[in-house]
file target_0.tsv (TSV, C-alpha atoms and all ligand atoms)
chain	number	residue	atom	x	y	z
F	1	MET	CA	7.90	12.48	17.12
F	2	MET	CA	4.17	13.17	16.67
F	3	ILE	CA	3.47	15.03	13.40
F	4	PHE	CA	-0.26	14.32	13.35
F	5	ASP	CA	-2.50	13.44	16.24
F	6	PHE	CA	-4.33	10.16	15.67
F	7	SER	CA	-4.98	9.59	19.37
F	8	GLY	CA	-8.23	7.67	19.77
F	9	LYS	CA	-8.32	6.76	16.04
F	10	ASN	CA	-8.39	3.12	15.01
F	11	ALA	CA	-6.55	2.06	11.86
F	12	ILE	CA	-6.25	-1.06	9.72
F	13	VAL	CA	-3.09	-1.41	7.61
F	14	VAL	CA	-3.09	-4.26	5.10
F	15	GLY	CA	0.34	-5.39	3.88
F	16	ALA	CA	2.00	-4.34	7.13
F	17	ALA	CA	4.64	-7.09	7.37
F	18	SER	CA	7.20	-5.39	5.18
F	19	GLY	CA	8.39	-2.31	3.32
F	20	ILE	CA	5.95	0.52	2.76
F	21	GLY	CA	3.00	-1.03	4.64
F	22	LYS	CA	5.18	-1.62	7.69
F	23	ALA	CA	6.42	1.99	7.62
F	24	ILE	CA	2.80	3.19	7.36
F	25	ALA	CA	1.71	1.08	10.34
F	26	LEU	CA	4.65	2.40	12.39
F	27	GLN	CA	3.96	6.00	11.32
F	28	LEU	CA	0.30	5.78	12.34
F	29	ALA	CA	1.36	4.20	15.65
F	30	ASP	CA	3.99	6.94	16.18
F	31	ASN	CA	1.17	9.44	15.82
F	32	GLY	CA	-1.00	7.80	18.46
F	33	ALA	CA	-3.37	5.55	16.46
F	34	ASN	CA	-4.45	2.09	17.52
F	35	VAL	CA	-3.30	-0.08	14.60
F	36	TRP	CA	-4.56	-3.47	13.43
F	37	CYS	CA	-2.16	-5.01	10.90
F	38	GLY	CA	-2.90	-7.58	8.20
F	39	ASP	CA	-0.56	-9.56	5.98
F	40	ILE	CA	-0.08	-13.00	4.48
F	41	SER	CA	3.26	-13.30	6.33
F	42	GLU	CA	2.62	-14.13	9.98
F	43	ALA	CA	6.30	-13.84	10.94
F	44	GLY	CA	6.52	-10.40	9.34
F	45	VAL	CA	3.27	-8.97	10.62
F	46	SER	CA	3.82	-10.18	14.17
F	47	ALA	CA	7.29	-8.56	14.11
F	48	THR	CA	5.71	-5.25	13.02
F	49	VAL	CA	3.27	-5.42	15.91
F	50	ASP	CA	6.08	-6.25	18.36
F	51	GLU	CA	7.90	-3.13	17.15
F	52	MET	CA	4.79	-0.99	17.69
F	53	LYS	CA	4.27	-2.33	21.19
F	54	ASN	CA	7.53	-0.66	22.24
F	55	LYS	CA	6.25	2.71	21.08
F	56	SER	CA	3.21	3.65	23.12
F	57	GLU	CA	0.24	2.58	25.18
F	58	ALA	CA	-2.03	2.43	22.11
F	59	LYS	CA	-3.57	-0.90	21.11
F	60	TYR	CA	-2.08	-3.06	18.38
F	61	GLY	CA	-2.78	-6.47	16.91
F	62	TYR	CA	-2.71	-8.47	13.70
F	63	SER	CA	-4.52	-10.98	11.56
F	64	VAL	CA	-2.93	-13.23	8.98
F	65	CYS	CA	-4.84	-12.49	5.81
F	66	ASN	CA	-4.72	-13.23	2.10
F	67	VAL	CA	-6.04	-10.18	0.27
F	68	SER	CA	-6.97	-12.19	-2.81
F	69	GLN	CA	-9.80	-13.83	-0.82
F	70	LYS	CA	-12.61	-11.54	0.30
F	71	GLU	CA	-13.55	-13.75	3.24
F	72	SER	CA	-9.98	-13.49	4.54
F	73	VAL	CA	-10.06	-9.66	4.34
F	74	ALA	CA	-13.51	-9.70	5.98
F	75	ALA	CA	-12.12	-11.77	8.87
F	76	LEU	CA	-9.34	-9.21	9.34
F	77	PHE	CA	-11.93	-6.39	9.54
F	78	GLN	CA	-13.93	-8.48	12.02
F	79	ASP	CA	-10.86	-9.02	14.21
F	80	ALA	CA	-10.03	-5.31	14.14
F	81	ALA	CA	-13.61	-4.32	14.95
F	82	SER	CA	-13.72	-6.79	17.86
F	83	ALA	CA	-10.50	-5.31	19.25
F	84	PHE	CA	-11.17	-1.62	18.61
F	85	GLY	CA	-14.89	-1.06	18.03
F	86	GLU	CA	-14.90	1.66	15.36
F	87	ILE	CA	-12.56	1.67	12.35
F	88	ASN	CA	-11.56	5.19	11.26
F	89	ILE	CA	-8.62	4.62	8.89
F	90	VAL	CA	-7.95	1.87	6.33
F	91	VAL	CA	-4.74	1.65	4.30
F	92	ASN	CA	-4.39	-0.96	1.53
F	93	SER	CA	-0.69	-1.52	0.80
F	94	ALA	CA	-0.32	-5.28	0.10
F	95	GLY	CA	1.08	-5.99	-3.34
F	96	VAL	CA	3.45	-8.05	-5.45
F	97	PHE	CA	5.48	-7.36	-8.61
F	98	MET	CA	4.76	-9.23	-11.84
F	99	PRO	CA	7.73	-9.20	-14.25
F	100	LYS	CA	6.17	-11.22	-17.08
F	101	ARG	CA	6.01	-9.63	-20.53
F	102	LEU	CA	2.77	-9.12	-22.42
F	103	LEU	CA	2.67	-12.43	-24.32
F	104	GLU	CA	4.50	-14.48	-21.64
F	105	ALA	CA	1.82	-14.55	-18.97
F	106	THR	CA	-0.75	-17.33	-18.81
F	107	PRO	CA	-4.35	-16.60	-17.81
F	108	GLU	CA	-3.50	-18.18	-14.42
F	109	ASP	CA	-0.49	-15.85	-13.97
F	110	ILE	CA	-2.62	-12.81	-14.79
F	111	LYS	CA	-5.50	-13.84	-12.53
F	112	LYS	CA	-3.19	-14.62	-9.61
F	113	HIS	CA	-1.52	-11.23	-9.96
F	114	LEU	CA	-4.68	-9.16	-10.31
F	115	ASP	CA	-6.35	-11.08	-7.47
F	116	ILE	CA	-3.69	-9.60	-5.17
F	117	ASN	CA	-2.83	-6.19	-6.64
F	118	LEU	CA	-6.32	-5.20	-7.78
F	119	MET	CA	-8.95	-7.39	-6.07
F	120	GLY	CA	-7.15	-7.12	-2.73
F	121	ILE	CA	-7.70	-3.36	-2.88
F	122	VAL	CA	-11.25	-3.73	-4.19
F	123	TYR	CA	-12.16	-5.97	-1.21
F	124	GLY	CA	-10.35	-3.74	1.28
F	125	CYS	CA	-12.27	-0.68	0.02
F	126	GLN	CA	-15.65	-2.45	-0.07
F	127	LEU	CA	-15.20	-3.57	3.54
F	128	ALA	CA	-13.92	-0.15	4.61
F	129	LEU	CA	-16.91	1.62	3.02
F	130	GLU	CA	-19.43	-0.84	4.49
F	131	THR	CA	-17.90	-0.51	7.95
F	132	MET	CA	-17.50	3.27	7.91
F	133	ILE	CA	-20.93	4.00	6.42
F	134	LYS	CA	-22.55	1.80	9.09
F	135	GLN	CA	-20.63	3.64	11.81
F	136	GLY	CA	-21.72	7.01	10.40
F	137	THR	CA	-18.65	8.92	11.55
F	138	GLY	CA	-16.73	9.30	8.29
F	139	GLY	CA	-13.25	7.91	7.77
F	140	LYS	CA	-10.12	7.80	5.66
F	141	ILE	CA	-9.14	5.22	3.05
F	142	VAL	CA	-5.72	5.31	1.39
F	143	ASN	CA	-4.71	2.94	-1.39
F	144	ILE	CA	-1.16	2.31	-2.54
F	145	SER	CA	-0.86	2.30	-6.32
F	146	SER	CA	2.44	3.08	-8.11
F	147	VAL	CA	3.94	5.44	-10.64
F	148	GLY	CA	3.90	2.20	-12.66
F	149	GLY	CA	0.12	2.62	-12.84
F	150	ARG	CA	0.33	6.08	-14.43
F	151	GLN	CA	1.03	4.70	-17.92
F	152	GLY	CA	1.52	1.47	-19.86
F	153	GLU	CA	4.79	-0.39	-19.27
F	154	ALA	CA	6.64	-2.58	-21.79
F	155	LYS	CA	8.50	-4.61	-19.16
F	156	SER	CA	5.74	-5.03	-16.58
F	157	PRO	CA	2.40	-4.61	-18.34
F	158	PHE	CA	0.38	-6.61	-15.81
F	159	TYR	CA	1.76	-4.67	-12.86
F	160	ALA	CA	0.82	-1.47	-14.75
F	161	LEU	CA	-2.63	-2.94	-15.50
F	162	GLY	CA	-3.41	-3.60	-11.84
F	163	LYS	CA	-1.92	-0.37	-10.52
F	164	GLY	CA	-3.66	1.71	-13.23
F	165	ALA	CA	-6.98	0.10	-12.33
F	166	VAL	CA	-6.37	0.95	-8.66
F	167	LEU	CA	-6.20	4.65	-9.62
F	168	ASN	CA	-9.55	4.47	-11.39
F	169	TRP	CA	-11.13	2.33	-8.66
F	170	SER	CA	-9.97	4.72	-5.93
F	171	GLN	CA	-11.82	7.57	-7.65
F	172	SER	CA	-15.02	5.47	-7.65
F	173	VAL	CA	-14.54	4.69	-3.96
F	174	ALA	CA	-13.92	8.39	-3.29
F	175	LEU	CA	-17.16	9.38	-5.06
F	176	TYR	CA	-19.14	6.73	-3.15
F	177	GLY	CA	-17.64	7.63	0.20
F	178	ALA	CA	-17.57	11.44	0.01
F	179	PRO	CA	-21.27	12.02	0.84
F	180	HIS	CA	-20.64	9.97	4.01
F	181	GLY	CA	-17.58	12.02	5.02
F	182	ILE	CA	-15.22	9.27	3.89
F	183	ASN	CA	-12.13	10.41	1.97
F	184	CYS	CA	-10.41	7.98	-0.36
F	185	ASN	CA	-7.05	8.98	-1.84
F	186	THR	CA	-4.08	7.19	-3.37
F	187	VAL	CA	-0.32	7.34	-2.99
F	188	CYS	CA	1.84	6.38	-5.98
F	189	PRO	CA	5.34	5.45	-4.76
F	190	GLY	CA	8.35	5.78	-7.07
F	191	ILE	CA	11.41	3.66	-6.22
F	192	ILE	CA	11.81	2.33	-2.69
F	193	LYS	CA	14.33	-0.43	-1.94
F	194	THR	CA	11.96	-2.91	-0.31
F	195	PRO	CA	11.98	-6.72	-0.79
F	196	MET	CA	9.76	-6.16	-3.87
F	197	TRP	CA	12.87	-4.92	-5.67
F	198	ASP	CA	14.49	-8.38	-5.36
F	199	THR	CA	11.93	-9.58	-7.93
F	200	ILE	CA	12.34	-6.50	-10.15
F	201	LEU	CA	16.16	-6.69	-10.19
F	202	GLU	CA	16.12	-10.43	-10.79
F	203	ALA	CA	13.92	-9.84	-13.86
F	204	ASP	CA	15.88	-6.81	-15.08
F	205	SER	CA	19.16	-8.72	-14.86
F	206	GLY	CA	17.67	-11.56	-16.90
F	207	GLY	CA	18.51	-13.94	-14.05
F	208	ASP	CA	22.25	-13.42	-14.70
F	209	PRO	CA	24.04	-14.01	-11.35
F	210	ASN	CA	27.02	-11.90	-12.52
F	211	VAL	CA	24.97	-8.71	-12.71
F	212	ASP	CA	25.71	-6.40	-9.78
F	213	LYS	CA	22.17	-5.82	-8.48
F	214	GLU	CA	23.13	-2.84	-6.33
F	215	GLU	CA	24.69	-1.09	-9.34
F	216	LEU	CA	21.68	-1.99	-11.51
F	217	PHE	CA	19.36	-0.49	-8.88
F	218	ASN	CA	21.45	2.70	-8.76
F	219	GLN	CA	21.39	2.96	-12.57
F	220	ILE	CA	17.60	2.66	-12.60
F	221	VAL	CA	17.29	5.33	-9.90
F	222	ARG	CA	19.63	7.70	-11.79
F	223	ALA	CA	17.77	7.17	-15.07
F	224	ARG	CA	14.31	7.71	-13.62
F	225	THR	CA	14.62	10.19	-10.79
F	226	PRO	CA	15.26	13.95	-11.25
F	227	LEU	CA	15.84	14.16	-7.49
F	228	GLY	CA	18.76	11.76	-7.96
F	229	ARG	CA	17.97	9.30	-5.21
F	230	ALA	CA	15.59	6.51	-4.29
F	231	GLN	CA	12.76	7.33	-1.94
F	232	THR	CA	12.16	5.75	1.45
F	233	ALA	CA	9.25	3.79	2.87
F	234	GLU	CA	9.03	6.45	5.59
F	235	GLU	CA	8.52	9.14	2.92
F	236	MET	CA	5.55	7.14	1.61
F	237	ALA	CA	4.20	6.85	5.15
F	238	TYR	CA	4.31	10.64	5.66
F	239	ALA	CA	2.12	11.13	2.57
F	240	VAL	CA	-0.30	8.42	3.74
F	241	ALA	CA	-0.46	9.90	7.24
F	242	PHE	CA	-1.26	13.31	5.74
F	243	PHE	CA	-4.16	11.80	3.76
F	244	CYS	CA	-5.36	10.12	6.97
F	245	SER	CA	-5.27	13.39	8.91
F	246	GLU	CA	-7.85	16.15	9.41
F	247	TYR	CA	-5.66	18.40	7.21
F	248	ALA	CA	-6.76	16.35	4.20
F	249	ASP	CA	-10.50	16.51	4.93
F	250	ALA	CA	-11.17	18.39	1.68
F	251	ILE	CA	-9.09	16.08	-0.54
F	252	VAL	CA	-11.23	13.57	-2.43
F	253	GLY	CA	-10.13	11.02	-5.01
F	254	GLN	CA	-6.61	12.36	-5.59
F	255	ALA	CA	-3.49	10.37	-6.42
F	256	LEU	CA	-0.16	11.74	-5.21
F	257	ASN	CA	3.16	10.69	-6.77
F	258	VAL	CA	5.89	10.45	-4.14
F	259	ASP	CA	8.64	9.68	-6.59
F	260	GLY	CA	11.38	12.31	-6.65
F	261	GLY	CA	9.98	13.75	-9.89
F	262	ASP	CA	9.85	10.54	-11.95
F	263	LYS	CA	6.33	11.18	-13.26
F	264	LEU	CA	4.79	14.63	-13.51
F	265	ASN	CA	1.15	13.61	-13.87
F	301	LIG	N1	8.92	-0.61	-3.50
F	301	LIG	C1	8.61	0.16	-4.54
F	301	LIG	O1	9.51	0.71	-5.22
F	301	LIG	C2	7.18	0.40	-4.90
F	301	LIG	C3	6.90	1.32	-5.91
F	301	LIG	C4	5.59	1.57	-6.28
F	301	LIG	C5	4.57	0.92	-5.61
F	301	LIG	N2	4.85	0.02	-4.64
F	301	LIG	C6	3.70	-0.63	-3.98
F	301	LIG	O2	3.80	-0.48	-2.59
F	301	LIG	C7	3.10	-1.55	-1.94
F	301	LIG	C8	4.02	-2.17	-0.89
F	301	LIG	O3	5.14	-2.75	-1.55
F	301	LIG	P1	6.58	-2.83	-0.87
F	301	LIG	O4	7.53	-2.19	-1.78
F	301	LIG	O5	6.48	-2.41	0.53
F	301	LIG	O6	6.84	-4.40	-1.00
F	301	LIG	P2	7.06	-5.52	0.12
F	301	LIG	O7	7.26	-6.77	-0.63
F	301	LIG	O8	8.08	-5.06	1.08
F	301	LIG	O9	5.64	-5.53	0.89
F	301	LIG	C9	4.49	-6.09	0.32
F	301	LIG	C10	3.69	-6.75	1.43
F	301	LIG	O10	2.49	-7.29	0.86
F	301	LIG	C11	2.29	-8.58	1.46
F	301	LIG	N3	1.47	-9.43	0.58
F	301	LIG	C12	1.80	-9.95	-0.62
F	301	LIG	N4	0.81	-10.73	-1.07
F	301	LIG	C13	-0.18	-10.70	-0.14
F	301	LIG	C14	-1.46	-11.30	-0.05
F	301	LIG	N5	-1.93	-12.12	-1.00
F	301	LIG	N6	-2.21	-11.05	1.05
F	301	LIG	C15	-1.73	-10.24	2.05
F	301	LIG	N7	-0.53	-9.66	2.01
F	301	LIG	C16	0.24	-9.87	0.92
F	301	LIG	C17	3.69	-9.14	1.63
F	301	LIG	O11	3.74	-10.22	2.54
F	301	LIG	C18	4.45	-7.90	2.10
F	301	LIG	O12	4.42	-7.77	3.50
F	301	LIG	C19	2.73	-2.54	-3.05
F	301	LIG	O13	1.38	-2.37	-3.38
F	301	LIG	C20	3.63	-2.12	-4.20
F	301	LIG	O14	3.11	-2.46	-5.45
F	301	LIG	C21	6.13	-0.26	-4.26

call {"tool": "encode", "arguments": {"input": "target_0.tsv", "output": "structure tokens"}}
result
Amino acid sequence: MMIFDFSGKNAIVVGAASGIGKAIALQLADNGANVWCGDISEAGVSATVDEMKNKSEAKYGYSVCNVSQKESVAALFQDAASAFGEINIVVNSAGVFMPKRLLEATPEDIKKHLDINLMGIVYGCQLALETMIKQGTGGKIVNISSVGGRQGEAKSPFYALGKGAVLNWSQSVALYGAPHGINCNTVCPGIIKTPMWDTILEADSGGDPNVDKEELFNQIVRARTPLGRAQTAEEMAYAVAFFCSEYADAIVGQALNVDGGDKLN
């Protein structure tokens, strides 16, 4: 069902092989956009594109890309521009979870993590701004942070560090882009049972194979969520699609929690 009309709009979704990024790519495709997908997982991203091809006559494609390397993200933008011409929408969703505690992580661990969760978004936004400003027709940029970026975290301080920095960075991108008619906003997901939760539950169970991971997940959801349930990747995609739509033309540099009431800021 079409909720928004992105017919004739060209989108890039980075991190589209799995979970939230995949749901975003499918949501934009459902609403008529041409979608170019990027991800480090070729098997995953090609499967997302195959799924989209069954949906409509719009154009889809993918590039394998490692967001921690700017030249790799630049090649993805080049591929998308060659296929579509203009780029109107860019969504940066690629990310990983980092369970190490504050004094456990080596400088290499920290760099590797921030190269993906922070620098990946920095490069994606730089390329989006350059491309959209050159085109001169405005655009929409949406970054995926996390409620985990809203405050410090004892169990996952480096994840919080990267996601918190994404909130600040997105405001800078919004201020730079606004005079050019480019809106940058952020979605902060709460708890969505994607493959990322395999890493979180493994860490939270202390690697104990006897811990019932499903029950642990449900306990975490109950403890954190006033709404009483986990959220879905599709619910994240609705919020992203709204930010990408004309109805959000006046929204600049905002971060929206989609988290069932977990965080109220
Ligand atoms: N699932 C949640 O509960 C939750 C909550 C808050 C925020 N988030 C954020 O949502 C975003 C999507 O996560 P998800 O839950 O869908 O997880 P996921 O693991 O399902 O998807 C993450 C995607 O990023 C890709 N990726 C990882 N490293 C990459 C790299 N170096 N280059 C390119 N692609 C790379 C993966 O291949 C995968 O397709 C992430 O930024 C995550 O931090 C998720």

call {"tool": "residues_around", "arguments": {"input": "target_0.tsv", "residues": "stretch 134-141 of chain F", "least_positions_apart": "2", "cutoff": "7 Å", "atoms": "all atoms listed in the file", "output": "PyMOL selection string"}}
result
chain F and resi 88-91+130-132+143+180-185+244

call {"tool": "write_last_selection", "arguments": {"input": "target_0.tsv", "atoms": "C-alpha atoms", "output": "mmCIF file, keeping the file's coordinate frame"}}
result
data_model
loop_
_atom_site.group_PDB
_atom_site.id
_atom_site.type_symbol
_atom_site.label_atom_id
_atom_site.label_comp_id
_atom_site.auth_asym_id
_atom_site.auth_seq_id
_atom_site.Cartn_x
_atom_site.Cartn_y
_atom_site.Cartn_z
ATOM 1 C CA ASN F 88 -11.560 5.190 11.260
ATOM 2 C CA ILE F 89 -8.620 4.620 8.890
ATOM 3 C CA VAL F 90 -7.950 1.870 6.330
ATOM 4 C CA VAL F 91 -4.740 1.650 4.300
ATOM 5 C CA GLU F 130 -19.430 -0.840 4.490
ATOM 6 C CA THR F 131 -17.900 -0.510 7.950
ATOM 7 C CA MET F 132 -17.500 3.270 7.910
ATOM 8 C CA ASN F 143 -4.710 2.940 -1.390
ATOM 9 C CA HIS F 180 -20.640 9.970 4.010
ATOM 10 C CA GLY F 181 -17.580 12.020 5.020
ATOM 11 C CA ILE F 182 -15.220 9.270 3.890
ATOM 12 C CA ASN F 183 -12.130 10.410 1.970
ATOM 13 C CA CYS F 184 -10.410 7.980 -0.360
ATOM 14 C CA ASN F 185 -7.050 8.980 -1.840
ATOM 15 C CA CYS F 244 -5.360 10.120 6.970
#

call {"tool": "atom_distance", "arguments": {"input": "target_0.tsv", "atom1": "atom CA of F:Ser245", "atom2": "atom CA of F:Leu26"}}
result
15.2 Å

call {"tool": "residues_near_ligand", "arguments": {"input": "target_0.tsv", "ligand": "ligand LIG 301 (chain F)", "cutoff": "7 Å", "atoms": "all atoms listed in the file", "output": "PyMOL selection string"}}
result
chain F and resi 14-21+38-41+44+65-68+93-97+116-117+144-148+188-197

call {"tool": "atom_distance", "arguments": {"input": "target_0.tsv", "atom1": "atom CA of F:Ala165", "atom2": "atom CA of F:Gly120"}}
result
12.0 Å

call {"tool": "closest_residue", "arguments": {"input": "target_0.tsv", "among": "F:Ala81, F:Leu114, F:Ala33, F:Ile133", "to": "F:Lys59", "atoms": "all atoms listed in the file"}}
result
F:Ala33
